[in-house]
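Structure file protein-v5.txt (compact mmCIF, C-alpha atoms) follows.
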# COMPACT_ATOMS: atom_id res chain seq x y z
CA MET E 1 39.37 35.72 58.14
CA LEU E 2 39.30 31.96 58.38
CA LEU E 3 35.57 31.46 58.95
CA ILE E 4 34.56 33.71 56.05
CA LYS E 5 37.09 32.00 53.80
CA LEU E 6 35.64 28.59 54.71
CA PHE E 7 32.09 29.79 54.19
CA PHE E 8 32.72 31.07 50.67
CA SER E 9 34.87 28.08 49.75
CA PHE E 10 31.97 25.78 50.49
CA ILE E 11 29.42 27.95 48.71
CA TRP E 12 31.71 27.53 45.71
CA VAL E 13 31.87 23.77 46.24
CA GLY E 14 28.09 23.51 46.60
CA LEU E 15 27.50 25.57 43.50
CA PHE E 16 29.80 23.64 41.18
CA SER E 17 29.54 20.05 42.34
CA VAL E 18 27.13 18.93 39.66
CA GLY E 19 26.30 15.25 39.48
CA GLY E 20 26.71 13.71 42.91
CA GLY E 21 29.13 13.62 45.81
CA TYR E 22 32.22 12.43 44.01
CA ALA E 23 32.18 15.57 41.88
CA ALA E 24 32.64 17.60 45.06
CA ILE E 25 35.88 15.97 46.19
CA PRO E 26 38.26 17.55 43.63
CA LEU E 27 36.59 20.93 44.22
CA ILE E 28 37.11 20.70 47.98
CA GLN E 29 40.68 19.61 47.45
CA ASP E 30 41.27 22.60 45.22
CA GLN E 31 39.81 25.08 47.72
CA ILE E 32 41.09 23.67 50.99
CA VAL E 33 44.43 22.08 50.14
CA HIS E 34 45.72 24.12 47.20
CA MET E 35 44.17 27.58 47.48
CA HIS E 36 43.82 28.17 51.20
CA LYS E 37 46.31 25.58 52.47
CA LEU E 38 44.09 24.71 55.44
CA MET E 39 44.89 21.00 55.28
CA THR E 40 47.71 18.84 53.98
CA MET E 41 47.13 16.33 51.19
CA GLU E 42 47.50 13.53 53.73
CA GLU E 43 44.79 14.91 56.00
CA PHE E 44 42.63 15.35 52.94
CA SER E 45 42.89 11.70 51.91
CA ASP E 46 41.89 10.75 55.47
CA LEU E 47 38.91 13.03 55.01
CA VAL E 48 37.84 11.22 51.85
CA THR E 49 38.14 7.82 53.53
CA VAL E 50 36.13 8.89 56.56
CA ALA E 51 33.52 10.67 54.43
CA GLU E 52 33.00 7.44 52.49
CA MET E 53 32.81 5.28 55.59
CA THR E 54 30.15 7.31 57.37
CA PRO E 55 26.50 7.82 56.46
CA GLY E 56 25.33 11.00 54.76
CA PRO E 57 26.24 12.91 51.60
CA ILE E 58 29.97 13.07 50.92
CA SER E 59 30.08 16.83 50.53
CA ILE E 60 28.27 17.44 53.83
CA ASN E 61 30.60 14.96 55.51
CA SER E 62 33.62 16.71 54.04
CA ALA E 63 32.32 20.15 54.97
CA THR E 64 31.85 19.04 58.57
CA PHE E 65 35.25 17.37 58.69
CA VAL E 66 37.10 20.36 57.24
CA GLY E 67 35.19 22.76 59.49
CA MET E 68 35.91 20.75 62.64
CA ARG E 69 39.61 20.31 61.89
CA THR E 70 40.25 23.93 60.97
CA ALA E 71 37.88 26.02 63.09
CA GLY E 72 35.92 23.86 65.53
CA ILE E 73 32.17 23.93 65.87
CA TYR E 74 31.69 27.32 64.17
CA GLY E 75 33.67 25.96 61.29
CA VAL E 76 31.30 23.00 61.07
CA LEU E 77 28.25 25.26 60.96
CA LEU E 78 29.61 27.72 58.40
CA CYS E 79 31.05 25.06 56.08
CA THR E 80 27.84 23.03 56.07
CA ILE E 81 25.55 26.02 55.63
CA GLY E 82 27.79 27.31 52.84
CA CYS E 83 27.66 23.94 51.15
CA ILE E 84 23.84 23.77 51.11
CA ILE E 85 22.95 27.39 50.28
CA PRO E 86 23.29 26.94 46.49
CA SER E 87 21.34 23.64 46.64
CA PHE E 88 18.60 25.23 48.66
CA CYS E 89 18.11 28.25 46.37
CA ILE E 90 18.34 26.34 43.11
CA CYS E 91 16.18 23.38 44.12
CA LEU E 92 13.54 25.55 45.73
CA THR E 93 13.20 27.43 42.45
CA LEU E 94 13.05 24.19 40.48
CA ALA E 95 10.49 22.73 42.92
CA TYR E 96 8.33 25.83 42.52
CA PHE E 97 8.26 25.52 38.74
CA TYR E 98 7.88 21.74 38.81
CA TYR E 99 4.77 21.86 41.01
CA LYS E 100 3.37 24.79 39.08
CA TYR E 101 3.65 23.16 35.68
CA ARG E 102 3.79 19.41 36.26
CA THR E 103 0.14 18.86 35.33
CA VAL E 104 0.52 20.59 31.97
CA SER E 105 0.31 17.80 29.41
CA GLY E 106 3.39 18.90 27.47
CA VAL E 107 5.48 18.83 30.62
CA GLN E 108 4.07 15.38 31.39
CA VAL E 109 5.27 14.05 28.04
CA VAL E 110 8.80 15.37 28.64
CA LEU E 111 8.94 14.14 32.25
CA GLY E 112 7.66 10.76 31.10
CA SER E 113 10.81 10.22 29.09
CA LEU E 114 13.04 11.12 32.03
CA ARG E 115 11.55 8.43 34.26
CA PRO E 116 13.01 5.37 32.49
CA ALA E 117 16.41 7.11 32.67
CA VAL E 118 16.09 7.62 36.42
CA VAL E 119 15.15 3.97 36.93
CA ALA E 120 18.25 2.98 34.97
CA LEU E 121 20.46 5.30 37.03
CA ILE E 122 19.15 3.87 40.30
CA ALA E 123 19.65 0.33 38.96
CA SER E 124 23.20 1.18 37.96
CA ALA E 125 24.01 2.54 41.43
CA GLY E 126 22.55 -0.65 42.90
CA ALA E 127 24.62 -2.86 40.59
CA SER E 128 27.83 -1.00 41.52
CA ILE E 129 27.18 -1.38 45.24
CA LEU E 130 26.30 -5.05 44.77
CA MET E 131 29.57 -5.72 42.94
CA LEU E 132 31.52 -3.91 45.66
CA GLY E 133 29.69 -5.99 48.25
CA LEU E 134 30.13 -9.35 46.54
CA PHE E 135 33.62 -8.96 45.11
CA GLN E 136 35.10 -5.91 46.86
CA ALA E 137 35.99 -4.77 43.36
CA GLU E 138 34.77 -2.50 40.59
CA LEU E 139 33.08 -4.03 37.53
CA HIS E 140 36.18 -4.24 35.32
CA GLU E 141 38.36 -5.96 37.93
CA ILE E 142 35.93 -8.66 39.05
CA VAL E 143 37.21 -12.22 39.40
CA LEU E 144 34.24 -14.60 39.61
CA GLY E 145 36.06 -17.04 41.88
CA ASN E 146 36.48 -14.31 44.51
CA ILE E 147 32.80 -14.08 45.27
CA ARG E 148 32.13 -13.57 48.99
CA ILE E 149 29.60 -16.17 50.11
CA VAL E 150 28.48 -14.39 53.30
CA GLU E 151 27.60 -11.21 51.42
CA LEU E 152 25.86 -13.19 48.70
CA GLY E 153 23.74 -14.95 51.34
CA ILE E 154 22.88 -11.66 53.02
CA PHE E 155 21.93 -10.05 49.69
CA ILE E 156 19.61 -12.90 48.69
CA GLY E 157 18.12 -13.20 52.19
CA ALA E 158 17.54 -9.47 52.45
CA LEU E 159 15.95 -9.28 49.01
CA VAL E 160 13.59 -12.16 49.79
CA ILE E 161 12.55 -10.56 53.10
CA LEU E 162 11.99 -7.22 51.37
CA ARG E 163 9.90 -8.70 48.55
CA LYS E 164 7.87 -11.08 50.70
CA TYR E 165 7.28 -9.17 53.91
CA LYS E 166 7.72 -5.54 52.79
CA ALA E 167 10.26 -5.12 55.57
CA ASN E 168 11.55 -1.72 56.64
CA ALA E 169 14.62 -0.69 54.59
CA ILE E 170 16.57 0.75 57.52
CA THR E 171 16.07 -2.45 59.51
CA ILE E 172 17.37 -4.45 56.56
CA ILE E 173 20.49 -2.30 56.14
CA LEU E 174 21.41 -2.22 59.82
CA GLY E 175 20.39 -5.87 60.26
CA SER E 176 22.65 -7.01 57.42
CA GLY E 177 25.54 -5.13 59.07
CA VAL E 178 24.93 -6.86 62.41
CA VAL E 179 24.36 -10.34 60.94
CA GLY E 180 27.37 -10.13 58.62
CA THR E 181 29.72 -8.89 61.35
CA LEU E 182 28.53 -11.68 63.66
CA VAL E 183 29.05 -14.34 60.99
CA TYR E 184 32.54 -13.10 60.15
CA GLY E 185 33.28 -12.82 63.88
CA LEU E 186 32.21 -16.44 64.50
CA MET E 187 34.29 -17.55 61.51
CA GLY E 188 37.24 -15.80 63.15
CA ALA E 189 37.73 -13.71 60.05
CA ILE E 190 37.92 -10.30 61.70
CA MET D 1 -0.41 23.96 46.57
CA GLU D 2 -1.78 22.67 49.84
CA LYS D 3 0.59 22.88 52.79
CA ASP D 4 0.39 20.63 55.77
CA TYR D 5 2.40 21.89 58.71
CA SER D 6 1.25 19.02 60.93
CA LYS D 7 3.54 16.78 58.90
CA LEU D 8 6.68 18.79 59.73
CA TRP D 9 7.71 16.66 62.71
CA THR D 10 7.25 13.39 60.80
CA LEU D 11 9.16 14.94 57.89
CA PHE D 12 12.07 15.92 60.13
CA LYS D 13 12.13 12.56 61.91
CA SER D 14 12.03 10.49 58.73
CA MET D 15 14.72 12.58 56.98
CA PHE D 16 16.92 12.32 60.07
CA VAL D 17 16.63 8.52 60.21
CA LEU D 18 17.14 8.09 56.45
CA SER D 19 20.21 10.32 56.46
CA ALA D 20 21.69 8.64 59.52
CA CYS D 21 21.40 5.19 57.94
CA THR D 22 22.37 5.92 54.35
CA PHE D 23 25.69 4.46 53.41
CA GLY D 24 26.79 4.96 49.84
CA GLY D 25 25.91 7.52 47.22
CA GLY D 26 22.89 9.65 46.47
CA PHE D 27 20.83 7.01 44.68
CA VAL D 28 20.79 4.90 47.83
CA ILE D 29 18.91 7.60 49.70
CA VAL D 30 16.58 8.06 46.73
CA SER D 31 15.61 4.38 46.99
CA LEU D 32 15.02 4.78 50.72
CA MET D 33 12.99 7.96 50.20
CA LYS D 34 10.89 6.16 47.63
CA LYS D 35 10.12 3.39 50.10
CA LYS D 36 9.39 5.85 52.90
CA TYR D 37 7.43 8.63 51.18
CA VAL D 38 5.75 6.71 48.35
CA GLU D 39 5.10 3.25 49.80
CA GLU D 40 4.94 3.83 53.53
CA LEU D 41 3.58 7.35 54.13
CA LYS D 42 1.96 7.76 50.67
CA TRP D 43 2.86 11.47 50.62
CA LEU D 44 4.12 11.33 47.04
CA GLU D 45 3.25 9.45 43.89
CA GLU D 46 5.80 7.18 42.32
CA ASP D 47 6.09 9.24 39.13
CA GLU D 48 6.58 12.32 41.24
CA MET D 49 9.47 10.70 43.11
CA LEU D 50 11.14 9.83 39.79
CA ASP D 51 10.68 13.40 38.54
CA VAL D 52 12.18 14.73 41.76
CA THR D 53 15.15 12.41 41.30
CA ALA D 54 15.72 13.65 37.75
CA ILE D 55 15.57 17.27 38.95
CA THR D 56 17.94 16.69 41.88
CA GLN D 57 20.40 14.92 39.63
CA SER D 58 20.57 17.83 37.21
CA ALA D 59 20.91 20.51 39.90
CA PRO D 60 24.27 21.19 41.60
CA GLY D 61 24.94 20.14 45.18
CA PRO D 62 24.57 16.95 47.18
CA LEU D 63 21.72 14.77 45.86
CA PRO D 64 20.13 13.93 49.25
CA VAL D 65 20.01 17.62 50.19
CA ASN D 66 18.48 18.54 46.83
CA ALA D 67 15.88 15.81 47.17
CA SER D 68 14.95 16.88 50.69
CA VAL D 69 14.52 20.51 49.55
CA ILE D 70 12.00 19.46 46.91
CA ILE D 71 10.15 16.86 49.00
CA GLY D 72 10.01 19.29 51.92
CA TYR D 73 8.63 21.99 49.65
CA ARG D 74 5.99 19.59 48.38
CA ILE D 75 4.83 18.76 51.93
CA ALA D 76 4.90 22.17 53.60
CA GLY D 77 6.40 24.87 51.35
CA VAL D 78 9.59 26.69 52.34
CA ALA D 79 9.16 25.69 55.99
CA GLY D 80 9.04 22.08 54.84
CA SER D 81 12.23 22.53 52.80
CA LEU D 82 14.09 23.96 55.78
CA THR D 83 12.81 21.20 58.06
CA ALA D 84 13.79 18.48 55.60
CA ILE D 85 17.28 19.96 55.07
CA LEU D 86 17.85 20.13 58.80
CA GLY D 87 16.87 16.48 59.17
CA THR D 88 19.20 15.50 56.35
CA ILE D 89 22.33 17.38 57.44
CA LEU D 90 22.18 16.94 61.22
CA PRO D 91 23.17 13.23 61.35
CA PRO D 92 26.32 13.59 59.21
CA MET D 93 27.25 16.79 61.09
CA ILE D 94 26.97 15.10 64.46
CA ILE D 95 28.62 11.85 63.40
CA ILE D 96 31.54 13.47 61.56
CA SER D 97 32.14 16.05 64.29
CA ILE D 98 32.64 13.24 66.76
CA ILE D 99 34.63 11.02 64.41
CA SER D 100 36.95 13.80 63.24
CA LEU D 101 38.35 13.90 66.77
CA PHE D 102 39.57 10.29 66.65
CA TYR D 103 39.35 9.26 63.01
CA GLU D 104 42.59 7.29 63.09
CA GLU D 105 41.02 4.69 65.44
CA PHE D 106 37.79 4.64 63.47
CA ARG D 107 39.44 4.19 60.11
CA THR D 108 41.57 1.24 61.18
CA ASN D 109 38.99 -0.59 63.32
CA PRO D 110 38.43 -4.06 61.76
CA TYR D 111 34.86 -4.40 63.09
CA VAL D 112 33.82 -1.12 61.50
CA ALA D 113 35.42 -2.19 58.23
CA THR D 114 33.61 -5.56 58.24
CA ALA D 115 30.23 -4.06 59.14
CA LEU D 116 30.56 -1.48 56.35
CA GLN D 117 31.52 -4.17 53.85
CA VAL D 118 28.61 -6.51 54.65
CA MET D 119 26.15 -3.64 54.84
CA ARG D 120 26.72 -3.07 51.12
CA ALA D 121 24.92 -6.37 50.47
CA GLY D 122 21.90 -5.11 52.45
CA VAL D 123 21.95 -1.72 50.72
CA ALA D 124 22.11 -3.44 47.34
CA ALA D 125 19.08 -5.57 48.28
CA VAL D 126 17.07 -2.45 49.17
CA ILE D 127 17.97 -0.77 45.88
CA PHE D 128 17.11 -3.88 43.88
CA ASP D 129 13.77 -4.17 45.63
CA VAL D 130 12.96 -0.58 44.60
CA VAL D 131 14.29 -1.09 41.07
CA ILE D 132 12.14 -4.20 40.52
CA ASN D 133 9.01 -2.17 41.31
CA LEU D 134 10.08 0.85 39.26
CA ALA D 135 11.16 -1.15 36.22
CA GLY D 136 7.90 -3.10 36.42
CA ASN D 137 5.98 0.16 36.16
CA VAL D 138 8.00 1.33 33.18
CA VAL D 139 7.14 -1.97 31.45
CA LYS D 140 3.48 -1.47 32.40
CA THR D 141 3.33 1.81 30.45
CA GLY D 142 3.53 -0.49 27.40
CA ARG D 143 5.66 2.02 25.54
CA PHE D 144 8.44 0.33 23.63
CA LEU D 145 10.34 3.65 23.55
CA TYR D 146 10.48 3.84 27.36
CA MET D 147 11.61 0.23 27.79
CA THR D 148 14.37 0.68 25.22
CA MET D 149 15.46 3.94 26.84
CA MET D 150 15.66 2.25 30.22
CA ILE D 151 17.83 -0.59 28.96
CA VAL D 152 20.09 1.61 26.85
CA ALA D 153 20.49 4.06 29.75
CA PHE D 154 21.42 1.23 32.11
CA VAL D 155 24.00 -0.23 29.74
CA SER D 156 25.54 3.17 29.01
CA THR D 157 25.84 4.23 32.62
CA TYR D 158 26.84 0.92 34.18
CA PHE D 159 29.01 -0.68 31.51
CA LEU D 160 30.20 2.34 29.53
CA ASP D 161 30.58 4.82 32.43
CA VAL D 162 28.49 7.52 30.79
CA SER D 163 27.74 10.18 33.43
CA ALA D 164 24.27 10.51 34.92
CA MET D 165 24.02 14.13 33.74
CA VAL D 166 24.54 13.08 30.11
CA ILE D 167 21.87 10.37 30.44
CA ILE D 168 19.36 12.85 31.87
CA PHE D 169 20.00 15.43 29.17
CA VAL D 170 19.85 12.94 26.30
CA CYS D 171 16.53 11.63 27.64
CA LEU D 172 15.32 15.20 28.05
CA GLY D 173 16.09 15.68 24.34
CA ILE D 174 14.15 12.53 23.46
CA GLY D 175 11.27 13.78 25.62
CA LEU D 176 11.20 17.11 23.78
CA ALA D 177 11.22 15.33 20.43
CA ASP D 178 8.41 13.11 21.69
CA LEU D 179 6.45 16.20 22.75
CA TYR D 180 6.97 17.75 19.32
CA LEU D 181 5.50 14.65 17.66
CA VAL D 182 2.54 14.59 20.06
CA LEU D 183 1.83 18.27 19.40
CA LYS D 184 2.05 17.74 15.69
CA LYS D 185 -0.48 14.95 15.92
CA ASN D 186 -2.81 16.79 18.23
CA LYS D 187 -2.70 20.55 18.09
CA THR D 188 -4.96 21.00 21.10
CA ALA D 189 -2.68 18.97 23.35
CA LEU D 190 -1.50 21.87 25.48
CA THR D 191 -4.91 23.25 26.28
CA GLU D 192 -6.56 20.12 27.64
CA SER D 193 -5.02 17.23 29.52
CA GLU D 194 -6.32 14.52 27.20
CA THR D 195 -2.95 13.42 25.91
CA ILE D 196 -1.47 12.90 29.35
CA PRO D 197 -0.56 9.25 29.86
CA LYS D 198 -2.43 9.39 33.18
CA PRO D 199 -5.18 11.95 32.68
CA SER D 200 -6.82 11.35 36.05
CA LYS D 201 -3.93 12.91 37.97
CA LYS D 202 -5.38 16.40 38.17
CA ASN D 203 -8.83 15.35 39.32
CA LYS D 204 -7.67 12.70 41.74
CA ARG D 205 -5.62 15.10 43.81
CA GLY D 206 -8.03 17.97 43.61
CA ARG D 207 -5.42 20.62 43.02
CA VAL D 208 -3.40 22.18 40.25
Render the structure in this file as structure tokens.
Amino acid sequence: MLLIKLFFSFIWVGLFSVGGGYAAIPLIQDQIVHMHKLMTMEEFSDLVTVAEMTPGPISINSATFVGMRTAGIYGVLLCTIGCIIPSFCICLTLAYFYYKYRTVSGVQVVLGSLRPAVVALIASAGASILMLGLFQAELHEIVLGNIRIVELGIFIGALVILRKYKANAITIILGSGVVGTLVYGLMGAI
Amino acid sequence: MEKDYSKLWTLFKSMFVLSACTFGGGFVIVSLMKKKYVEELKWLEEDEMLDVTAITQSAPGPLPVNASVIIGYRIAGVAGSLTAILGTILPPMIIISIISLFYEEFRTNPYVATALQVMRAGVAAVIFDVVINLAGNVVKTGRFLYMTMMIVAFVSTYFLDVSAMVIIFVCLGIGLADLYLVLKKNKTALTESETIPKPSKKNKRGRV
């Protein structure tokens, strides 16, 4: 049955997509396009594009998209629930142990050494997004002359507002979208 | 652990808004969560948020969902986890369900494309704001080891494409080695919290 197939496919995806959303895409492709033949490769690449363009985790986006296209609203519910069941069980267990033992000094020493790594990982994600924003290119294909002035202005302006006035992050993100689109619109560049 | 069910509605609302406005990968939402739950609502400590990030990164599944499970659990136990998950997955479910019906128009719309492109600059600014604070605190620990680890980890992940999982596990190894040295120096370390970098933690929060 289609719904049960979808449900277990996404439990599988949720269980084995270790290390962020992009790890989930080949798994979903494997399950949905190759094994169960619920979508064509073309539809699947549309899925990836849309999942990247919309807010929210890529695997949840994909689960919803696949569910909607193959089995309507019940598909959406089962795919999404399937996708989060492994996360829920595993993270709840981890949370339980973390809060039980986090004050033990030995655990503190070990966690202390993970924190600089996490800061570096967040910084790296920020640097990647900044490069995409300023050059529309990944790090290794950047051409300095192609820097986009509007985006650079928005980045600096936004950072100054954040540092100086402790502005709300959501306002900054949505505001930069509105301001940038307006500027490009006035320049006649859309 | 204390549970505060009165916070459930705020928890749901904030997760919903964060999830609805998060463009880009998992670390974007972590930055936003840090601003919301550490700086604004003061529900979590900064160190705690970093620990949660390390845990979510090493567990399978989507990072924002993992993070909401743990933060929800911290605020109100299992009920909090469920509430937080619901807040996180509802916006993408609603948005994608609608878009999947006419995604061709959405994908090729030039205004959508421009807005998404310029929004990256804003998202990057938010992440950098968070990183400046976090990196400042790592420097404030005064430990040369931590500063070196931070820089080496950044270079390896950003310039050398080393995966986040590898970074976390290598640093976990360094942490265990560090613990071994501490224990060797002070055999009573595990019984009393004297060797904790911030020993006041337990007393300040009044719970174990």
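Ranking D:Phe23, D:Val130, D:Pro60, D:Ile99 by their shortest atom-to-atom distance to Val38 in chain D, with only C-alpha atoms included, puts D:Val130 first.
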Exercise. Between D:Ala67, D:Ile98, D:Met33, D:Ala115, which is the closest to chain E once you count all atoms listed in the file?
Worked result: D:Ala115
In file coordinates, which residues lie within 10 Å of (15.3, 25.1, 47.1) using all atoms listed in the file, given as a JSON list (two decimals) with C-alpha atoms, in the coordinates of the input?
[["chain", "number", "residue", "atom", "x", "y", "z"],
["E", 84, "ILE", "CA", 23.84, 23.77, 51.11],
["E", 85, "ILE", "CA", 22.95, 27.39, 50.28],
["E", 86, "PRO", "CA", 23.29, 26.94, 46.49],
["E", 87, "SER", "CA", 21.34, 23.64, 46.64],
["E", 88, "PHE", "CA", 18.60, 25.23, 48.66],
["E", 89, "CYS", "CA", 18.11, 28.25, 46.37],
["E", 90, "ILE", "CA", 18.34, 26.34, 43.11],
["E", 91, "CYS", "CA", 16.18, 23.38, 44.12],
["E", 92, "LEU", "CA", 13.54, 25.55, 45.73],
["E", 93, "THR", "CA", 13.20, 27.43, 42.45],
["E", 94, "LEU", "CA", 13.05, 24.19, 40.48],
["E", 95, "ALA", "CA", 10.49, 22.73, 42.92],
["E", 96, "TYR", "CA", 8.33, 25.83, 42.52],
["D", 65, "VAL", "CA", 20.01, 17.62, 50.19],
["D", 66, "ASN", "CA", 18.48, 18.54, 46.83],
["D", 67, "ALA", "CA", 15.88, 15.81, 47.17],
["D", 68, "SER", "CA", 14.95, 16.88, 50.69],
["D", 69, "VAL", "CA", 14.52, 20.51, 49.55],
["D", 70, "ILE", "CA", 12.00, 19.46, 46.91],
["D", 71, "ILE", "CA", 10.15, 16.86, 49.00],
["D", 72, "GLY", "CA", 10.01, 19.29, 51.92],
["D", 73, "TYR", "CA", 8.63, 21.99, 49.65],
["D", 77, "GLY", "CA", 6.40, 24.87, 51.35],
["D", 78, "VAL", "CA", 9.59, 26.69, 52.34],
["D", 81, "SER", "CA", 12.23, 22.53, 52.80],
["D", 82, "LEU", "CA", 14.09, 23.96, 55.78],
["D", 85, "ILE", "CA", 17.28, 19.96, 55.07]]
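You can rank D:Phe106, D:Tyr180, D:Phe154, D:Tyr37 by their closest distance to Ile168 in chain D using all atoms listed in the file, and at the top of that list sits D:Phe154.
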For this session: Please provide as number ranges by chain all residues within 10 Å of range 4-18 of chain E, with the sequence filter that same-chain residues fewer than 3 positions apart are discarded (counting all atoms listed in the file).
Result: E: 1, 21-32, 35-36, 38, 59-60, 62-63, 66-67, 70-71, 75-88, 90; D: 56-63, 165
